[in-house]
Amino acid sequence: MTHLQTVFLCLVIMVVKLYAQNGDTTFGIFRQKEYYFSNSFVLNWFKAVELCRARGMFLLSVRNPEEREAVIEYLDSTGYLKTHTKLMVWMSANDLGEEGEFHWASTGERMSYLNWRENEPNNDMAGGTAGEDCAAMEYFEGTGANYNFTFNDRPCTENLLFLCETLPA
Ligand SMILES: *[C@@H]1O[C@H](CO)[C@@H](O)[C@H](O)[C@H]1NC(C)=O
């Protein structure tokens, strides 16, 4: 096959794949990653990690502004924020291993894109002595940049929606 034919074939496969998934709002492909969105049920952070792995995926990582945009684009495609004004989803970032040292459980990388909301992470002890060691991404409509798909540490035992992803090879 010529290079052009190969490129064309890849495009056809991509379009067919996307078309086949049309209508399933829990699944989408954006910029190299495939996503799964638990739009109808919530789990604690540990259970969310397990469920993603059981699907052959990983709990979300958002390691740079491009990955944040890809998540927003994917969530837009699900229509979720047309019917909800608020969103909180677990990501894989946590400081369970060492307080204050957030790492992505999905990749093992230290968190370097610090898209925290103002005054976060605060390891708030209000919810109990365990504090807050797991990070969620939050969007609250009409509250400006501070709640615009920003990060917040929450108690890992809290039940939240979550996103799974595949990681590019
Ligand atoms: C929220 O983020 C989106 C996507 O990055 C951006 O287009 C928008 O301007 C932001 N809104 C605010 C209020 O910061």
# chains A, B, ... in the order shown; residues from 1 in each chain; ligands from 1
>>> residues_around(residues="Asp95 (chain A)", least_positions_apart="2", cutoff="10 Å", atoms="only C-alpha atoms", output="MDAnalysis selection string")
chainID A and resid 93 97:105 110:111 123 132:135 153
>>> residues_near_ligand(ligand="ligand 1", cutoff="10 Å", atoms="only C-alpha atoms and all ligand atoms", output="list in words")
Pro65, Glu66, Arg68, Glu69, Ala70, Val71, Ile72, Glu73, Tyr139, Glu141, Gly142, Thr143, Gly144, Ala145, Asn146, Tyr147, Asn148, Phe149 and Thr150 of chain A
>>> closest_atom_pairs(of="region 104-163 of chain A", to="region 53-64 of chain A", cutoff="6 Å", atoms="only C-alpha atoms", output="JSON lines")
{"residue": "A:Ser106", "atom": "CA", "partner": "A:Phe58", "partner_atom": "CA", "distance": 5.6}
{"residue": "A:Tyr113", "atom": "CA", "partner": "A:Asn64", "partner_atom": "CA", "distance": 5.4}
{"residue": "A:Leu163", "atom": "CA", "partner": "A:Leu60", "partner_atom": "CA", "distance": 5.5}
>>> write_last_selection(atoms="C-alpha atoms", output="PDB file, in the first residue's frame")
ATOM      1  CA  SER A 106      -2.837   5.826  36.402  1.00  0.00           C
ATOM      2  CA  TYR A 113      -0.081  20.501  35.989  1.00  0.00           C
ATOM      3  CA  LEU A 163     -14.007   9.217  34.203  1.00  0.00           C
TER       4      LEU A 163
END
>>> select_by_dssp(residues="chain A", states="alpha helix (DSSP H)", output="number ranges by chain")
A: 3-21, 45-54, 65-78, 80-83
>>> write_last_selection(atoms="C-alpha atoms", output="mmCIF file, in the first residue's frame")
data_model
loop_
_atom_site.group_PDB
_atom_site.id
_atom_site.type_symbol
_atom_site.label_atom_id
_atom_site.label_comp_id
_atom_site.auth_asym_id
_atom_site.auth_seq_id
_atom_site.Cartn_x
_atom_site.Cartn_y
_atom_site.Cartn_z
ATOM 1 C CA HIS A 3 1.476 5.935 2.191
ATOM 2 C CA LEU A 4 -1.615 7.781 0.986
ATOM 3 C CA GLN A 5 -3.671 4.586 0.917
ATOM 4 C CA THR A 6 -2.595 3.782 4.471
ATOM 5 C CA VAL A 7 -3.610 7.237 5.660
ATOM 6 C CA PHE A 8 -6.955 6.926 3.912
ATOM 7 C CA LEU A 9 -7.596 3.491 5.428
ATOM 8 C CA CYS A 10 -6.828 4.821 8.907
ATOM 9 C CA LEU A 11 -9.278 7.664 8.400
ATOM 10 C CA VAL A 12 -12.007 5.283 7.262
ATOM 11 C CA ILE A 13 -11.439 3.073 10.316
ATOM 12 C CA MET A 14 -11.585 6.091 12.615
ATOM 13 C CA VAL A 15 -14.844 7.340 11.119
ATOM 14 C CA VAL A 16 -16.420 3.881 11.278
ATOM 15 C CA LYS A 17 -15.330 3.512 14.914
ATOM 16 C CA LEU A 18 -16.769 6.895 15.842
ATOM 17 C CA TYR A 19 -19.969 6.187 13.939
ATOM 18 C CA ALA A 20 -20.396 2.834 15.678
ATOM 19 C CA GLN A 21 -20.214 4.559 19.050
ATOM 20 C CA TRP A 45 -12.214 6.632 44.655
ATOM 21 C CA PHE A 46 -10.945 3.093 45.260
ATOM 22 C CA LYS A 47 -13.960 1.499 43.603
ATOM 23 C CA ALA A 48 -13.622 3.901 40.681
ATOM 24 C CA VAL A 49 -9.979 2.808 40.217
ATOM 25 C CA GLU A 50 -11.159 -0.818 40.202
ATOM 26 C CA LEU A 51 -14.011 -0.264 37.798
ATOM 27 C CA CYS A 52 -11.774 1.496 35.289
ATOM 28 C CA ARG A 53 -9.194 -1.303 35.486
ATOM 29 C CA ALA A 54 -11.959 -3.880 35.048
ATOM 30 C CA PRO A 65 -3.986 21.983 29.520
ATOM 31 C CA GLU A 66 -4.504 19.915 26.348
ATOM 32 C CA GLU A 67 -5.734 16.941 28.352
ATOM 33 C CA ARG A 68 -8.077 19.252 30.275
ATOM 34 C CA GLU A 69 -9.489 20.573 26.980
ATOM 35 C CA ALA A 70 -9.934 17.010 25.681
ATOM 36 C CA VAL A 71 -11.957 16.078 28.768
ATOM 37 C CA ILE A 72 -14.131 19.181 28.424
ATOM 38 C CA GLU A 73 -14.672 18.391 24.739
ATOM 39 C CA TYR A 74 -15.627 14.823 25.577
ATOM 40 C CA LEU A 75 -18.000 15.881 28.371
ATOM 41 C CA ASP A 76 -19.601 18.393 25.986
ATOM 42 C CA SER A 77 -20.276 15.545 23.585
ATOM 43 C CA THR A 78 -22.145 13.620 26.283
ATOM 44 C CA TYR A 80 -24.293 15.982 30.579
ATOM 45 C CA LEU A 81 -23.833 19.688 31.304
ATOM 46 C CA LYS A 82 -26.962 20.572 29.352
ATOM 47 C CA THR A 83 -28.998 18.903 32.061
#
>>> select_by_dssp(residues="region 27-162 of chain A", states="strand (DSSP E)", output="PyMOL selection string")
chain A and resi 27-30+33-37+58-59+86-94+103-104+134-140+148-154+161-162
>>> write_last_selection(atoms="C-alpha atoms", output="JSON list (two decimals), in the first residue's frame")
[["chain", "number", "residue", "atom", "x", "y", "z"],
["A", 27, "PHE", "CA", -17.90, 6.41, 25.57],
["A", 28, "GLY", "CA", -15.86, 8.67, 23.32],
["A", 29, "ILE", "CA", -12.47, 9.16, 21.69],
["A", 30, "PHE", "CA", -10.76, 12.55, 21.86],
["A", 33, "LYS", "CA", -7.52, 8.91, 24.55],
["A", 34, "GLU", "CA", -10.72, 6.96, 24.84],
["A", 35, "TYR", "CA", -12.98, 7.93, 27.71],
["A", 36, "TYR", "CA", -15.68, 6.30, 29.74],
["A", 37, "PHE", "CA", -17.98, 8.49, 31.84],
["A", 58, "PHE", "CA", -7.48, 3.80, 34.00],
["A", 59, "LEU", "CA", -9.01, 6.42, 36.25],
["A", 86, "LYS", "CA", -22.60, 20.90, 38.50],
["A", 87, "LEU", "CA", -20.07, 18.16, 37.90],
["A", 88, "MET", "CA", -17.58, 16.43, 40.18],
["A", 89, "VAL", "CA", -15.57, 13.51, 38.80],
["A", 90, "TRP", "CA", -12.78, 11.50, 40.37],
["A", 91, "MET", "CA", -9.38, 11.70, 38.75],
["A", 92, "SER", "CA", -6.53, 9.33, 39.59],
["A", 93, "ALA", "CA", -4.43, 12.01, 41.36],
["A", 94, "ASN", "CA", -3.94, 11.31, 45.06],
["A", 103, "HIS", "CA", 0.76, 11.56, 41.97],
["A", 104, "TRP", "CA", -1.38, 10.13, 39.18],
["A", 134, "CYS", "CA", -8.00, 12.01, 46.37],
["A", 135, "ALA", "CA", -8.51, 14.61, 43.68],
["A", 136, "ALA", "CA", -11.64, 15.41, 41.72],
["A", 137, "MET", "CA", -12.22, 17.70, 38.76],
["A", 138, "GLU", "CA", -15.05, 20.15, 39.36],
["A", 139, "TYR", "CA", -17.29, 22.35, 37.27],
["A", 140, "PHE", "CA", -20.00, 24.57, 38.78],
["A", 148, "ASN", "CA", -14.13, 25.72, 35.67],
["A", 149, "PHE", "CA", -12.89, 22.12, 35.47],
["A", 150, "THR", "CA", -10.45, 22.78, 38.30],
["A", 151, "PHE", "CA", -9.03, 20.32, 40.81],
["A", 152, "ASN", "CA", -9.99, 19.82, 44.44],
["A", 153, "ASP", "CA", -8.89, 17.23, 47.00],
["A", 154, "ARG", "CA", -11.78, 15.31, 48.56],
["A", 161, "LEU", "CA", -18.94, 10.30, 39.35],
["A", 162, "PHE", "CA", -15.71, 9.40, 37.58]]
>>> decode(residues="region 100-161 of chain A", atoms="C-alpha atoms", output="compact mmCIF listing (two decimals), in the first residue's frame")
# COMPACT_ATOMS: atom_id res chain seq x y z
CA GLY A 100 0.95 16.74 50.01
CA GLU A 101 2.74 14.79 47.24
CA PHE A 102 0.11 14.25 44.58
CA HIS A 103 0.76 11.56 41.97
CA TRP A 104 -1.38 10.13 39.18
CA ALA A 105 -2.26 6.55 40.11
CA SER A 106 -2.84 5.83 36.40
CA THR A 107 0.66 6.77 35.23
CA GLY A 108 2.75 6.94 38.41
CA GLU A 109 3.81 10.46 37.46
CA ARG A 110 4.10 13.27 39.96
CA MET A 111 1.39 15.86 39.36
CA SER A 112 2.95 18.81 37.56
CA TYR A 113 -0.08 20.50 35.99
CA LEU A 114 -1.50 22.21 39.08
CA ASN A 115 -4.98 23.20 37.99
CA TRP A 116 -6.19 23.45 41.61
CA ARG A 117 -9.06 25.66 42.55
CA GLU A 118 -8.12 28.59 44.81
CA ASN A 119 -7.10 27.41 48.34
CA GLU A 120 -6.88 23.77 47.24
CA PRO A 121 -5.61 21.19 47.97
CA ASN A 122 -6.37 21.83 51.63
CA ASN A 123 -6.55 18.28 53.05
CA ASP A 124 -9.69 19.41 54.89
CA MET A 125 -10.19 17.39 58.09
CA ALA A 126 -13.86 18.34 58.40
CA GLY A 127 -14.92 15.00 56.95
CA GLY A 128 -12.90 12.99 59.50
CA THR A 129 -9.30 12.36 60.49
CA ALA A 130 -8.46 10.82 57.11
CA GLY A 131 -8.54 14.29 55.53
CA GLU A 132 -8.69 14.59 51.76
CA ASP A 133 -6.25 12.53 49.71
CA CYS A 134 -8.00 12.01 46.37
CA ALA A 135 -8.51 14.61 43.68
CA ALA A 136 -11.64 15.41 41.72
CA MET A 137 -12.22 17.70 38.76
CA GLU A 138 -15.05 20.15 39.36
CA TYR A 139 -17.29 22.35 37.27
CA PHE A 140 -20.00 24.57 38.78
CA GLU A 141 -21.91 26.56 36.20
CA GLY A 142 -21.83 30.33 36.56
CA THR A 143 -19.11 30.44 39.22
CA GLY A 144 -16.27 31.59 36.95
CA ALA A 145 -12.72 30.38 36.43
CA ASN A 146 -12.33 29.00 39.92
CA TYR A 147 -14.79 26.14 39.36
CA ASN A 148 -14.13 25.72 35.67
CA PHE A 149 -12.89 22.12 35.47
CA THR A 150 -10.45 22.78 38.30
CA PHE A 151 -9.03 20.32 40.81
CA ASN A 152 -9.99 19.82 44.44
CA ASP A 153 -8.89 17.23 47.00
CA ARG A 154 -11.78 15.31 48.56
CA PRO A 155 -12.21 12.40 51.00
CA CYS A 156 -11.38 9.22 49.04
CA THR A 157 -14.38 7.44 50.54
CA GLU A 158 -16.80 9.97 49.08
CA ASN A 159 -18.99 8.66 46.27
CA LEU A 160 -18.55 10.70 43.07
CA LEU A 161 -18.94 10.30 39.35
